[in-house]
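Peer 1: Mind looking over this structure? Questions follow.
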Amino acid sequence: MGNPNFTQYPMFTIHRFPFFGKRFFKRIRKIVGCVTFSHLWRLVIGIASISGRKSLSKFTQLYGHHRTRQAISPFLTQAEWDAPELLLENSLTILRKLGWKSGDTVHLVLDDTQKAKRAKQRDAVSKIDLHAEKVYANGHTILGFAFVYRNVVIPCAVRLWASKEYCQRSQKKNNEHESVEFQKLTELAADGIESIRLPSEGKVIVMFDKFYLCDTVTKACD
């Protein structure tokens, strides 16, 4: 029947932590703490459950208004928890569950994607070339990394690219947000490669398109 129309079909509500997610979230609870965890598991389950465009309104409806927009938004933008480390830790857990052994070979795939954004005031929004739509528009350039092990694709890192103009603005004294140092997309890729680790020693084959074939990235691979 395709994706449900949220204006016609009522959404189910999530009030309790689902039993099937206990194994997946077991290590996460220890890393982020109980208060942050209550928001995190709802968002993860919500992202997996909601089809089509995601929004704070849909999340609020999904939880039966148990969590308001005002509660969800600050968690996403202000809460102090290490999202990159959390993603990597979970990917390593999945590798172990798939039977990872020292000396095994794993592929690390990296590629960028563009996402159009309507709001112009969001962090790191700039005019970019949307390859899929073949147009220029305001949006984000997102660099993603994933392990491929035993035919299973496991996301392990995400990096948001910021333009030179945005980085310069972020370093001004009146800026209320985090100061960001400018990096080329290839430099961002190199940093991502260097930050990723394995459960134990193994052979890594890094895969990317020819745009990333430069000394900066190949040195990071070495």
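If you're wondering about the labels, chains in the structure tokens are A, B, ... by order shown, residues count from 1 in each chain, ligands from 1 in order shown.
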Give me the residues of region 107-151 of chain A that have any atom at most 6 Å from an atom of region 195-207 of chain A; for each, the nearest atom pair and the distance in Å, rounded to one decimal. Use only C-alpha atoms, sort by chain and number, and format it as a Markdown table.
Peer 2:
| residue | atom | partner | partner_atom | distance |
| --- | --- | --- | --- | --- |
| A:His107 | CA | A:Ile205 | CA | 4.7 |
| A:Leu108 | CA | A:Val206 | CA | 4.7 |
| A:Val109 | CA | A:Met207 | CA | 4.8 |
Peer 1: Would you kindly return, as a count of residues only, each protein, DNA or RNA residue with an atom no farther than 12 Å from any atom of Glu85 (chain A), considering only C-alpha atoms and excluding same-chain residues fewer than 4 positions away?
Peer 2: 16
Peer 1: Just asking: which residues within region 141-193 of chain A are alpha helix (DSSP H) according to DSSP, as a list in words?
Peer 2: Lys164, Glu165, Tyr166, Cys167, Gln168, Arg169, Ser170, Leu185, Thr186, Glu187, Leu188, Ala189, Ala190, Asp191, Gly192 and Ile193 of chain A
Peer 1: Taking the backbone alone, and naming residues the way the document does, which bits of region 144-213 of chain A are strand (DSSP E) by DSSP, as an NGL selection string?
Peer 2: :A and (144-149 or 152-161 or 203-207)
Peer 1: Can those selected residues be exported to a file as a CSV table (one decimal), in the first residue's frame so that it contains C-alpha atoms?
Peer 2:
chain,number,residue,atom,x,y,z
A,144,GLY,CA,29.1,8.9,6.0
A,145,PHE,CA,31.3,5.9,6.9
A,146,ALA,CA,30.2,2.2,7.2
A,147,PHE,CA,31.8,-1.1,7.8
A,148,VAL,CA,30.9,-4.0,5.5
A,149,TYR,CA,31.5,-7.3,7.2
A,152,VAL,CA,26.3,-6.7,6.5
A,153,VAL,CA,26.5,-2.9,6.2
A,154,ILE,CA,27.1,-1.2,9.6
A,155,PRO,CA,27.1,2.6,9.8
A,156,CYS,CA,30.0,3.6,12.1
A,157,ALA,CA,30.6,7.4,11.6
A,158,VAL,CA,29.0,10.6,10.3
A,159,ARG,CA,30.6,14.0,9.7
A,160,LEU,CA,28.9,17.2,8.8
A,161,TRP,CA,30.9,19.4,6.4
A,203,LYS,CA,42.8,-5.9,7.9
A,204,VAL,CA,40.9,-2.8,6.6
A,205,ILE,CA,40.2,-2.1,3.0
A,206,VAL,CA,39.0,1.5,2.5
A,207,MET,CA,36.6,2.1,-0.4
Peer 1: Could you tell me which of A:Lys134, A:Lys219, A:His140, A:Arg150 comes closest to Ala190 (chain A) if we count only C-alpha atoms?
Peer 2: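 Between A:Lys134, A:Lys219, A:His140, A:Arg150, the residue approaching Ala190 (chain A) most closely is A:Lys219.
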Peer 1: Could you tell me how far CA of Asp112 (chain A) lies from CA of Ile142 (chain A), in Å and to one decimal?
Peer 2: 5.5 Å
